[in-house]
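So this block is upload.csv, CSV, C-alpha atoms and all ligand atoms:
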```
chain,number,residue,atom,x,y,z
R,10,MET,CA,119.4,63.5,127.4
R,11,THR,CA,119.3,67.1,126.2
R,12,LYS,CA,118.9,68.2,122.6
R,13,GLN,CA,122.2,69.5,121.1
R,14,ASN,CA,123.5,70.9,117.9
R,15,VAL,CA,125.5,68.8,115.6
R,16,LEU,CA,128.4,70.5,113.9
R,17,VAL,CA,130.4,68.6,111.3
R,18,SER,CA,133.6,70.2,110.1
R,19,ASP,CA,133.6,69.6,106.3
R,20,PRO,CA,131.0,71.8,104.7
R,21,LYS,CA,131.1,69.8,101.5
R,22,SER,CA,130.5,66.6,103.4
R,23,ALA,CA,127.5,64.3,103.0
R,24,PHE,CA,126.5,65.4,106.4
R,25,ASN,CA,125.6,69.0,105.7
R,26,MET,CA,122.1,68.3,106.9
R,27,ALA,CA,123.6,67.6,110.3
R,28,ILE,CA,124.7,71.2,110.7
R,29,MET,CA,121.5,72.3,112.5
R,30,PRO,CA,119.8,72.0,115.8
R,31,ILE,CA,118.3,68.5,116.1
R,32,SER,CA,114.9,70.0,116.8
R,33,ASN,CA,114.9,71.9,113.4
R,34,SER,CA,113.3,69.5,111.0
R,35,SER,CA,113.1,71.7,107.9
R,36,VAL,CA,116.0,70.1,106.1
R,37,LEU,CA,114.8,66.7,107.0
R,38,THR,CA,111.3,67.5,105.7
R,39,ARG,CA,112.9,68.2,102.3
R,40,ALA,CA,114.8,64.9,102.5
R,41,ALA,CA,111.6,63.1,103.3
R,42,GLN,CA,109.6,64.7,100.5
R,43,LYS,CA,111.9,63.2,97.9
R,44,PRO,CA,112.7,59.6,98.9
R,45,PRO,CA,116.2,58.6,97.7
R,46,ALA,CA,117.1,55.5,95.8
R,47,ALA,CA,117.2,52.2,97.7
R,48,PRO,CA,120.6,51.2,99.1
R,49,ALA,CA,121.8,47.7,98.2
R,50,GLY,CA,120.0,44.9,100.0
R,51,TYR,CA,116.8,46.8,100.7
R,52,ILE,CA,113.5,45.3,100.0
R,53,SER,CA,111.7,48.4,98.8
R,54,ILE,CA,112.1,52.1,99.2
R,55,SER,CA,110.3,54.7,97.1
R,56,ARG,CA,106.8,55.8,97.5
R,57,LYS,CA,106.2,54.9,93.8
R,58,THR,CA,107.7,51.4,94.3
R,59,LEU,CA,105.8,50.9,97.5
R,60,LEU,CA,102.5,51.8,96.0
R,61,LYS,CA,103.3,49.8,92.9
R,62,ASN,CA,104.2,46.8,94.9
R,63,HIS,CA,101.2,47.1,97.1
R,64,GLU,CA,98.8,47.6,94.3
R,65,ILE,CA,100.1,45.4,91.6
R,66,ASN,CA,102.7,43.0,92.8
R,67,GLY,CA,102.1,42.9,96.6
R,68,GLU,CA,101.5,39.1,96.8
R,69,ALA,CA,104.7,38.2,95.0
R,70,ARG,CA,106.7,40.6,97.0
R,71,ILE,CA,105.4,39.2,100.3
R,72,ASN,CA,106.2,35.7,99.2
R,73,SER,CA,109.7,36.7,98.3
R,74,TRP,CA,110.3,38.2,101.8
R,75,VAL,CA,109.0,35.1,103.4
R,76,ASP,CA,110.9,32.8,101.0
R,77,SER,CA,114.1,34.7,101.6
R,78,MET,CA,113.6,34.6,105.4
R,79,ARG,CA,113.1,30.9,105.1
R,80,ALA,CA,116.1,30.4,102.9
R,81,SER,CA,118.4,32.3,105.3
R,82,SER,CA,117.1,30.3,108.2
R,83,PRO,CA,119.8,27.9,109.5
R,84,THR,CA,117.4,25.0,109.6
R,85,HIS,CA,116.8,25.2,105.9
R,86,ILE,CA,120.5,25.7,105.1
R,87,LYS,CA,121.3,22.6,107.1
R,88,ALA,CA,118.6,20.6,105.2
R,89,THR,CA,120.7,20.8,102.0
R,90,PRO,CA,124.1,19.7,103.3
R,91,SER,CA,125.8,19.1,100.0
R,92,LEU,CA,125.0,22.6,98.7
R,93,ALA,CA,126.1,24.0,102.1
R,94,ASP,CA,129.4,22.1,102.1
R,95,HIS,CA,130.3,23.1,98.6
R,96,ASP,CA,129.3,26.7,99.2
R,97,GLN,CA,131.0,26.8,102.5
R,98,SER,CA,134.5,26.0,101.3
R,99,SER,CA,134.5,28.3,98.3
R,100,TRP,CA,132.9,31.1,100.4
R,101,MET,CA,135.6,30.6,103.1
R,102,VAL,CA,138.3,31.2,100.5
R,103,ARG,CA,136.6,34.5,99.6
R,104,HIS,CA,135.8,35.4,103.2
R,105,PRO,CA,138.4,33.8,105.4
R,106,SER,CA,138.2,33.6,109.1
R,107,ALA,CA,139.4,36.9,110.8
R,108,LEU,CA,141.0,34.7,113.5
R,109,ASP,CA,143.0,32.7,110.9
R,110,MET,CA,144.0,36.0,109.2
R,111,PHE,CA,144.8,37.8,112.4
R,112,GLU,CA,148.5,38.5,111.6
R,113,GLU,CA,147.6,39.8,108.1
R,114,ILE,CA,145.0,42.0,109.6
R,115,ILE,CA,147.5,43.4,112.1
R,116,ASP,CA,150.0,44.0,109.3
R,117,ALA,CA,147.4,45.9,107.2
R,118,SER,CA,146.5,48.1,110.2
R,119,LYS,CA,150.1,49.0,111.2
R,120,GLY,CA,150.7,52.7,111.7
R,121,LYS,CA,147.0,53.4,111.3
R,122,GLN,CA,144.3,54.3,113.8
R,123,ILE,CA,141.9,51.4,114.2
R,124,VAL,CA,138.3,52.5,114.9
R,125,MET,CA,135.9,49.7,115.9
R,126,PHE,CA,132.3,49.4,114.9
R,127,LEU,CA,130.2,46.6,116.4
R,128,ASP,CA,126.7,45.5,115.7
R,129,TYR,CA,124.9,44.1,118.7
R,130,ASP,CA,122.4,41.2,118.0
R,131,GLY,CA,124.1,38.2,116.6
R,132,THR,CA,127.5,39.9,117.0
R,133,LEU,CA,128.0,40.7,120.6
R,134,SER,CA,125.1,38.6,121.9
R,135,PRO,CA,123.8,35.3,120.6
R,136,ILE,CA,120.5,35.2,118.8
R,137,VAL,CA,117.7,34.2,121.2
R,138,ASP,CA,114.0,33.8,120.8
R,139,ASP,CA,113.1,36.7,123.1
R,140,PRO,CA,114.5,40.1,121.9
R,141,ASP,CA,114.1,41.5,125.4
R,142,ARG,CA,116.5,38.9,126.7
R,143,ALA,CA,119.3,39.2,124.2
R,144,TYR,CA,121.9,39.7,126.9
R,145,MET,CA,125.6,40.1,126.4
R,146,SER,CA,127.8,37.9,128.5
R,147,LYS,CA,130.1,39.3,131.2
R,148,PRO,CA,133.3,38.2,129.5
R,149,MET,CA,132.1,39.8,126.2
R,150,ARG,CA,131.4,43.1,128.1
R,151,GLU,CA,134.9,43.0,129.7
R,152,THR,CA,136.5,42.4,126.3
R,153,VAL,CA,134.5,45.3,124.8
R,154,ARG,CA,135.4,47.5,127.8
R,155,LYS,CA,139.2,46.8,127.2
R,156,LEU,CA,138.8,47.3,123.5
R,157,ALA,CA,137.4,50.8,124.0
R,158,LYS,CA,140.5,51.6,126.0
R,159,CYS,CA,142.6,50.7,123.0
R,160,PHE,CA,140.5,52.1,120.1
R,161,PRO,CA,137.5,54.5,119.6
R,162,THR,CA,134.6,52.0,119.7
R,163,ALA,CA,131.0,52.3,118.6
R,164,ILE,CA,127.9,50.1,118.8
R,165,VAL,CA,125.8,50.4,115.6
R,166,THR,CA,122.5,48.6,115.9
R,167,GLY,CA,118.9,48.4,114.7
R,168,ARG,CA,117.8,48.6,118.3
R,169,CYS,CA,116.6,51.6,120.2
R,170,ARG,CA,119.7,53.3,121.6
R,171,ASP,CA,118.6,53.3,125.2
R,172,LYS,CA,117.7,49.6,125.0
R,173,VAL,CA,121.1,48.6,123.6
R,174,TYR,CA,122.8,50.7,126.2
R,175,SER,CA,120.8,48.8,128.9
R,176,PHE,CA,122.4,45.6,127.5
R,177,VAL,CA,125.9,46.8,126.9
R,178,LYS,CA,126.2,49.2,129.9
R,179,LEU,CA,129.5,50.8,128.8
R,180,ALA,CA,129.6,54.6,129.0
R,181,GLU,CA,132.9,54.7,127.2
R,182,LEU,CA,131.4,53.7,123.8
R,183,TYR,CA,129.6,55.6,121.1
R,184,TYR,CA,126.1,54.4,120.2
R,185,ALA,CA,124.2,54.5,117.0
R,186,GLY,CA,120.7,53.1,117.5
R,187,SER,CA,117.7,52.7,115.2
R,188,HIS,CA,120.0,51.6,112.3
R,189,GLY,CA,122.1,54.8,112.7
R,190,MET,CA,119.2,57.2,113.0
R,191,ASP,CA,119.9,57.9,116.6
R,192,ILE,CA,123.6,58.6,117.2
R,193,LYS,CA,125.3,59.6,120.5
R,194,GLY,CA,128.7,60.4,119.2
R,195,PRO,CA,131.8,62.2,120.4
R,196,ALA,CA,131.9,65.9,121.1
R,197,THR,CA,132.6,67.9,118.0
R,198,GLY,CA,136.3,68.0,116.9
R,199,SER,CA,137.1,65.6,119.8
R,200,LYS,CA,139.7,63.5,118.1
R,201,TYR,CA,140.7,60.6,120.4
R,202,LYS,CA,138.4,61.9,123.1
R,203,LYS,CA,136.6,59.3,125.0
R,204,ALA,CA,132.8,59.1,124.8
R,205,SER,CA,132.6,59.5,128.6
R,206,GLU,CA,134.5,62.8,128.5
R,207,GLY,CA,132.6,65.9,127.8
R,208,ASN,CA,129.3,66.3,126.0
R,209,GLY,CA,128.7,63.9,123.1
R,210,VAL,CA,126.7,65.1,120.1
R,211,LEU,CA,123.2,63.7,119.4
R,212,PHE,CA,122.3,63.2,115.8
R,213,GLN,CA,118.8,62.2,114.9
R,214,PRO,CA,118.2,62.6,111.1
R,215,ALA,CA,114.7,61.0,111.3
R,216,SER,CA,113.3,62.9,114.3
R,217,GLU,CA,110.2,64.1,112.3
R,218,PHE,CA,109.2,60.5,111.9
R,219,LEU,CA,108.9,59.8,115.6
R,220,PRO,CA,105.1,60.3,115.8
R,221,MET,CA,104.6,58.3,112.6
R,222,ILE,CA,106.6,55.3,113.9
R,223,ASP,CA,104.7,55.4,117.2
R,224,GLU,CA,101.4,55.3,115.4
R,225,VAL,CA,102.6,52.5,113.1
R,226,PHE,CA,104.0,50.6,116.1
R,227,LYS,CA,100.6,50.7,117.9
R,228,GLN,CA,98.8,49.5,114.7
R,229,LEU,CA,101.2,46.7,114.3
R,230,VAL,CA,100.8,45.6,117.9
R,231,GLU,CA,97.0,45.6,117.4
R,232,ILE,CA,97.0,43.8,114.0
R,233,THR,CA,99.5,41.1,114.9
R,234,LYS,CA,97.7,40.2,118.2
R,235,SER,CA,95.9,37.4,116.3
R,236,THR,CA,99.2,35.8,115.3
R,237,PRO,CA,100.6,33.6,118.0
R,238,GLY,CA,104.3,34.3,118.7
R,239,ALA,CA,104.4,37.6,116.7
R,240,LYS,CA,106.2,40.4,118.6
R,241,VAL,CA,106.5,44.0,117.7
R,242,GLU,CA,109.4,46.0,119.0
R,243,ASN,CA,109.5,49.8,119.2
R,244,ASN,CA,113.0,50.8,118.2
R,245,LYS,CA,112.3,54.6,118.4
R,246,PHE,CA,113.0,55.6,114.8
R,247,CYS,CA,112.0,52.2,113.4
R,248,ALA,CA,109.9,49.3,114.4
R,249,SER,CA,110.6,45.5,114.2
R,250,VAL,CA,108.0,42.8,113.6
R,251,HIS,CA,109.5,39.5,114.8
R,252,PHE,CA,108.8,36.2,113.0
R,253,ARG,CA,111.1,34.0,115.0
R,254,CYS,CA,108.5,32.5,117.4
R,255,VAL,CA,105.7,32.4,114.8
R,256,ASP,CA,104.9,29.1,113.1
R,257,GLU,CA,106.4,29.2,109.6
R,258,LYS,CA,103.0,28.4,108.1
R,259,LYS,CA,101.8,31.7,109.5
R,260,TRP,CA,104.7,33.8,108.1
R,261,SER,CA,102.8,34.9,104.9
R,262,GLU,CA,99.8,35.9,106.9
R,263,LEU,CA,102.0,38.0,109.3
R,264,ALA,CA,103.8,39.6,106.4
R,265,GLN,CA,100.4,40.5,104.9
R,266,GLN,CA,99.4,42.1,108.2
R,267,VAL,CA,102.5,44.2,108.1
R,268,LYS,CA,101.8,45.1,104.5
R,269,SER,CA,98.3,46.2,105.3
R,270,VAL,CA,99.5,48.7,107.8
R,271,MET,CA,102.3,49.9,105.6
R,272,LYS,CA,100.0,50.8,102.7
R,273,ASP,CA,98.9,54.0,104.5
R,274,TYR,CA,102.5,55.1,105.1
R,275,PRO,CA,104.3,55.7,101.8
R,276,LYS,CA,107.1,57.6,103.7
R,277,LEU,CA,108.1,54.4,105.5
R,278,ARG,CA,109.8,51.4,104.0
R,279,LEU,CA,110.5,47.8,104.9
R,280,THR,CA,113.8,46.1,105.3
R,281,GLN,CA,114.5,42.5,106.3
R,282,GLY,CA,116.7,41.2,109.1
R,283,ARG,CA,117.0,37.8,110.8
R,284,LYS,CA,113.4,36.6,111.0
R,285,VAL,CA,112.3,40.2,111.3
R,286,LEU,CA,110.7,42.8,109.1
R,287,GLU,CA,111.8,46.3,110.0
R,288,ILE,CA,109.8,49.4,109.3
R,289,ARG,CA,111.8,52.6,108.9
R,290,PRO,CA,111.7,56.1,107.3
R,291,THR,CA,112.5,56.5,103.7
R,292,ILE,CA,115.4,58.8,104.4
R,293,LYS,CA,118.8,58.0,102.9
R,294,TRP,CA,120.4,56.9,106.1
R,295,ASP,CA,121.6,53.5,107.2
R,296,LYS,CA,124.4,51.9,109.2
R,297,GLY,CA,126.9,52.8,106.5
R,298,LYS,CA,126.1,56.5,106.8
R,299,ALA,CA,126.2,56.2,110.5
R,300,LEU,CA,129.8,54.8,110.2
R,301,GLU,CA,130.8,57.7,108.0
R,302,PHE,CA,129.2,60.2,110.4
R,303,LEU,CA,131.0,58.8,113.4
R,304,LEU,CA,134.3,58.7,111.5
R,305,GLU,CA,133.8,62.3,110.6
R,306,SER,CA,132.8,63.4,114.0
R,307,LEU,CA,135.8,61.6,115.5
R,308,GLY,CA,138.0,63.7,113.3
R,309,PHE,CA,138.9,61.1,110.7
R,310,ALA,CA,137.0,62.5,107.7
R,311,ASN,CA,139.9,63.0,105.4
R,312,CYS,CA,142.5,60.8,107.1
R,313,THR,CA,144.3,58.2,105.1
R,314,ASP,CA,145.7,56.6,108.2
R,315,VAL,CA,142.4,55.5,109.7
R,316,PHE,CA,141.5,51.8,109.8
R,317,PRO,CA,137.8,51.2,110.5
R,318,VAL,CA,136.8,47.7,111.3
R,319,TYR,CA,133.0,46.9,111.2
R,320,ILE,CA,131.7,43.6,112.6
R,321,GLY,CA,128.1,42.6,112.0
R,322,ASP,CA,125.9,39.6,111.2
R,323,ASP,CA,122.9,41.1,109.4
R,324,ARG,CA,121.7,42.4,106.0
R,325,THR,CA,121.6,45.9,107.4
R,326,ASP,CA,125.3,45.7,108.2
R,327,GLU,CA,126.0,45.3,104.5
R,328,ASP,CA,125.6,49.0,104.1
R,329,ALA,CA,128.5,49.6,106.4
R,330,PHE,CA,130.6,46.8,104.8
R,331,LYS,CA,130.0,48.4,101.4
R,332,ILE,CA,131.1,51.8,102.6
R,333,LEU,CA,134.4,50.4,103.8
R,334,ARG,CA,134.9,48.6,100.5
R,335,ASP,CA,134.2,51.8,98.6
R,336,ARG,CA,136.5,53.9,100.8
R,337,GLY,CA,139.2,51.3,100.5
R,338,GLN,CA,139.8,51.6,104.2
R,339,GLY,CA,139.7,49.0,106.9
R,340,PHE,CA,137.2,46.1,106.2
R,341,GLY,CA,134.1,44.4,107.3
R,342,ILE,CA,133.8,41.1,109.2
R,343,LEU,CA,130.6,39.1,108.7
R,344,VAL,CA,129.4,37.0,111.6
R,345,SER,CA,127.8,33.9,110.0
R,346,LYS,CA,128.1,30.1,110.1
R,347,PHE,CA,126.7,29.9,106.6
R,348,PRO,CA,127.8,31.4,103.3
R,349,LYS,CA,126.0,34.6,102.5
R,350,GLU,CA,126.3,37.3,99.8
R,351,THR,CA,128.4,40.0,101.5
R,352,SER,CA,130.7,42.9,101.0
R,353,ALA,CA,132.6,41.9,104.1
R,354,SER,CA,136.2,40.8,103.6
R,355,TYR,CA,136.4,38.3,106.5
R,356,SER,CA,134.2,36.1,108.5
R,357,LEU,CA,133.7,34.9,112.1
R,358,GLN,CA,131.2,32.2,112.9
R,359,GLU,CA,129.5,33.4,116.1
R,360,PRO,CA,129.7,35.9,118.9
R,361,ALA,CA,132.2,33.6,120.8
R,362,GLN,CA,134.6,34.0,117.9
R,363,VAL,CA,134.0,37.8,117.9
R,364,LYS,CA,135.0,37.8,121.5
R,365,ASP,CA,138.2,35.9,120.7
R,366,PHE,CA,139.1,38.2,117.9
R,367,LEU,CA,138.5,41.4,120.0
R,368,GLY,CA,140.4,39.8,122.8
R,369,ARG,CA,143.4,39.1,120.6
R,370,LEU,CA,143.3,42.7,119.3
R,371,VAL,CA,143.4,44.0,122.9
R,372,ALA,CA,146.2,41.6,123.9
R,373,ARG,CA,148.2,42.8,120.9
R,374,VAL,CA,147.9,46.4,121.8
R,375,GLU,CA,148.8,45.7,125.4
R,376,LYS,CA,151.8,43.8,124.3
R,377,THR,CA,152.9,46.5,121.9
R,378,VAL,CA,152.5,49.2,124.6
R,379,ILE,CA,154.6,47.3,127.0
R,380,SER,CA,157.3,46.6,124.5
R,381,ARG,CA,157.4,50.3,123.4
R,382,THR,CA,157.5,51.4,127.0
R,383,VAL,CA,160.5,49.1,127.6
R,384,GLN,CA,162.2,50.4,124.4
R,385,GLY,CA,161.3,54.1,125.2
R,386,VAL,CA,159.5,54.4,121.8
R,387,LYS,CA,156.9,57.2,121.7
R,388,ARG,CA,153.8,56.4,119.6
R,389,SER,CA,150.1,56.7,119.9
R,390,LYS,CA,149.0,54.0,122.3
R,391,ASN,CA,146.1,53.2,120.0
R,392,GLN,CA,148.3,52.2,117.1
R,393,ILE,CA,149.5,48.7,116.8
Z,401,LIG,O1,121.5,45.7,114.3
Z,401,LIG,P1,121.3,44.6,115.3
Z,401,LIG,O2,122.0,45.0,116.6
Z,401,LIG,O3,121.8,43.3,114.8
Z,401,LIG,O4,119.8,44.5,115.6
Z,401,LIG,C1,118.9,44.0,114.6
Z,401,LIG,C2,117.7,43.5,115.2
Z,401,LIG,O5,118.1,42.7,116.3
Z,401,LIG,C3,117.2,42.1,117.2
Z,401,LIG,O6,116.5,41.1,116.6
Z,401,LIG,C4,117.3,40.0,116.3
Z,401,LIG,O7,117.8,39.4,117.6
Z,401,LIG,C5,116.8,38.9,118.4
Z,401,LIG,C6,117.4,38.5,119.7
Z,401,LIG,O8,118.5,37.6,119.6
Z,401,LIG,C7,116.1,37.8,117.7
Z,401,LIG,O9,115.0,37.2,118.6
Z,401,LIG,C8,115.5,38.3,116.4
Z,401,LIG,O10,114.9,37.2,115.7
Z,401,LIG,C9,116.6,38.9,115.5
Z,401,LIG,O11,116.0,39.5,114.4
Z,401,LIG,C10,116.2,43.2,117.7
Z,401,LIG,O12,115.2,42.6,118.5
Z,401,LIG,C11,115.7,44.0,116.6
Z,401,LIG,O13,114.9,45.1,117.1
Z,401,LIG,C12,116.8,44.6,115.8
Z,401,LIG,O14,116.4,45.5,114.8
```
Once you've parsed the file, please lay out its structure as structure tokens.
Ligand SMILES: O=P(O)(O)OC[C@H]1O[C@H](O[C@H]2O[C@H](CO)[C@@H](O)[C@H](O)[C@H]2O)[C@H](O)[C@@H](O)[C@@H]1O
Amino acid sequence: MTKQNVLVSDPKSAFNMAIMPISNSSVLTRAAQKPPAAPAGYISISRKTLLKNHEINGEARINSWVDSMRASSPTHIKATPSLADHDQSSWMVRHPSALDMFEEIIDASKGKQIVMFLDYDGTLSPIVDDPDRAYMSKPMRETVRKLAKCFPTAIVTGRCRDKVYSFVKLAELYYAGSHGMDIKGPATGSKYKKASEGNGVLFQPASEFLPMIDEVFKQLVEITKSTPGAKVENNKFCASVHFRCVDEKKWSELAQQVKSVMKDYPKLRLTQGRKVLEIRPTIKWDKGKALEFLLESLGFANCTDVFPVYIGDDRTDEDAFKILRDRGQGFGILVSKFPKETSASYSLQEPAQVKDFLGRLVARVEKTVISRTVQGVKRSKNQI
């Protein structure tokens, strides 16, 4: 893939730093010098906080990561059924099933342009022990393929962009890898243009961190060798340390190992996912910003009639859910079998339900197009 310029139309937009050749890192250097405040849900962010936590409060912090990883583990939630039952019913009132609310969702989107944002792991593919084998089923791929014919559709993932593409294998989608720090979006000003048509833009706001992430990745691989089951994944602009196959008794030790590497990299921060610690640059960029960037580059920056739908299962998806809440446009759907603190409006329990929901959306568009064709009504085929 060649390096390209990114041009975003609104000069006052939050994406001014995108108006530059990707290879020019001067603006990014400024951003990196002054780490921004932590977005909601992050474990730590600023250099000061990192140093403070490592020097003064490191032990407590590590324990809190490990505790929260344990607490969010389904085996632990199942171990307290009475709490789970009670929480589940009141939580479902606040975050009803997107399948049960399908007609309400369709009504809310009427006359608006739906834009779909899909997380990968735990949303399109079931969670499995080996991250290299988190395949998407053929029926899910077919459903997403059809979905992309109906609406602009993007994958927004913590994974390396090339890796997620090797799983999804659909050229007609837009891809935001490394938690949105590696975006292959639509060509500038290409409203409604398919990703497969023309040159898409490449946006990599953390490009200057590449050598640092590589270095940290190698150190993490080395230091975690002594922990059976630990796995380190290079996600290009971030790295993931997997705890899933590590004996829980060893989790604190593994977290300590990660911390010991991090102490030399104040420009990196840690976030937490599903049995994973993720190491990423301290730039103010996340899946929420990626969603906004994609909406803007699709030509929907100031549109009131756009209806973005973001589906995800992880803490990192909360940044995108929150953006949608704040914009008052569209909504988020959290994929979870258990109650979780979330800014999403609706819920689905597992990838199989995500497929059903997407399939129903596709079926509704197809039905609407047929009935409009029969009636001779002219309207954008992407609108329900
Ligand atoms: O943003 P996502 O698409 O959800 O990616 C987040 C991380 O997902 C992957 O890890 C998770 O899925 C694995 C496979 O099912 C599982 O083994 C692991 O425990 C989960 O945390 C991926 O491997 C990470 O690199 C992503 O950052």
Neighbour list for Asp323 of chain R as a count of residues only, cut-off 9 Å, all atoms listed in the file, skip fewer than 6 positions in-chain:
9
Env of segment 358-364 of chain R: 9 Å cut, atoms = only C-alpha atoms, seq-sep filter 5 positions within chain, self excluded. Answer as a JSON list (two decimals) with C-alpha atoms, in the coordinates of the input.
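Result saved to result-v2.json:
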```json
[["chain", "number", "residue", "atom", "x", "y", "z"],
["R", 106, "SER", "CA", 138.20, 33.60, 109.10],
["R", 107, "ALA", "CA", 139.40, 36.90, 110.80],
["R", 108, "LEU", "CA", 141.00, 34.70, 113.50],
["R", 131, "GLY", "CA", 124.10, 38.20, 116.60],
["R", 132, "THR", "CA", 127.50, 39.90, 117.00],
["R", 133, "LEU", "CA", 128.00, 40.70, 120.60],
["R", 134, "SER", "CA", 125.10, 38.60, 121.90],
["R", 135, "PRO", "CA", 123.80, 35.30, 120.60],
["R", 148, "PRO", "CA", 133.30, 38.20, 129.50],
["R", 149, "MET", "CA", 132.10, 39.80, 126.20],
["R", 152, "THR", "CA", 136.50, 42.40, 126.30],
["R", 153, "VAL", "CA", 134.50, 45.30, 124.80],
["R", 320, "ILE", "CA", 131.70, 43.60, 112.60],
["R", 322, "ASP", "CA", 125.90, 39.60, 111.20],
["R", 343, "LEU", "CA", 130.60, 39.10, 108.70],
["R", 344, "VAL", "CA", 129.40, 37.00, 111.60],
["R", 345, "SER", "CA", 127.80, 33.90, 110.00],
["R", 346, "LYS", "CA", 128.10, 30.10, 110.10],
["R", 347, "PHE", "CA", 126.70, 29.90, 106.60],
["R", 369, "ARG", "CA", 143.40, 39.10, 120.60]]
```
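The shortest atom-to-atom distance to Lys331 of chain R, with only C-alpha atoms taken into account, belongs to R:Leu300 out of R:Leu300, R:Val315, R:Leu307, R:Leu156.
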For Ala299 of chain R, list every protein, DNA or RNA residue within 8 Å, evaluated using only C-alpha atoms, and leave out those in the same chain fewer than 4 positions away; present the list as a PyMOL selection string.
chain R and resi 165+185+188-190+192+294-295+303
Could you list, as a PyMOL selection string, all protein and nucleic acid residues with an atom at most 9 Å from ligand LIG 401 (chain Z), counting all atoms listed in the file?
chain R and resi 127-144+164-169+173+186-188+241-244+247-254+281-287+296+321-326
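Distance-wise, atom CA of Ser235 of chain R and atom CA of Trp260 of chain R end up 12.6 Å apart.
For the pair atom CA of Thr377 of chain R and atom CA of Ile393 of chain R, the interatomic distance is 6.5 Å.
Across the model, the gap from atom CA of Met78 of chain R to atom CA of Glu224 of chain R is 26.0 Å.
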Just want the 9 Å neighbourhood of Ile115 of chain R, counted on only C-alpha atoms, with same-chain residues fewer than 4 positions away dropped. Output as an MDAnalysis selection string.
chainID R and resid 110:111 119 370 373 393
With a distance cut-off of 12 Å and only C-alpha atoms, select the neighbouring residues of Lys234 of chain R, excluding the residue or stretch itself and same-chain residues fewer than 6 positions from it, and output the selection as a list of chain:residue names.
R:Lys227, R:Gln228, R:Lys240, R:Val241, R:Val250, R:Val255, R:Leu263, R:Gln266, R:Val267
Those residues you just picked out, can you put them in a file as a PDB file, keeping the file's coordinate frame with C-alpha atoms?
```pdb
ATOM      1  CA  LYS R 227     100.600  50.700 117.900  1.00  0.00           C
ATOM      2  CA  GLN R 228      98.800  49.500 114.700  1.00  0.00           C
ATOM      3  CA  LYS R 240     106.200  40.400 118.600  1.00  0.00           C
ATOM      4  CA  VAL R 241     106.500  44.000 117.700  1.00  0.00           C
ATOM      5  CA  VAL R 250     108.000  42.800 113.600  1.00  0.00           C
ATOM      6  CA  VAL R 255     105.700  32.400 114.800  1.00  0.00           C
ATOM      7  CA  LEU R 263     102.000  38.000 109.300  1.00  0.00           C
ATOM      8  CA  GLN R 266      99.400  42.100 108.200  1.00  0.00           C
ATOM      9  CA  VAL R 267     102.500  44.200 108.100  1.00  0.00           C
TER      10      VAL R 267
END
```
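Using only C-alpha atoms, the smallest distance between any of R:Pro317, R:Gly297, R:Gly238, R:Gly341 and Leu357 of chain R comes from R:Gly341.
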Please determine, counting all atoms listed in the file, which residue among R:Leu304, R:Val225, R:Cys312, R:Ile114 has the shortest atom-to-atom distance to Val270 of chain R.
R:Val225
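Proximity to Phe160 of chain R was assessed for R:Ala264, R:Val371, R:Ser73, R:Arg103 counting all atoms listed in the file; the smallest distance is recorded for R:Val371.
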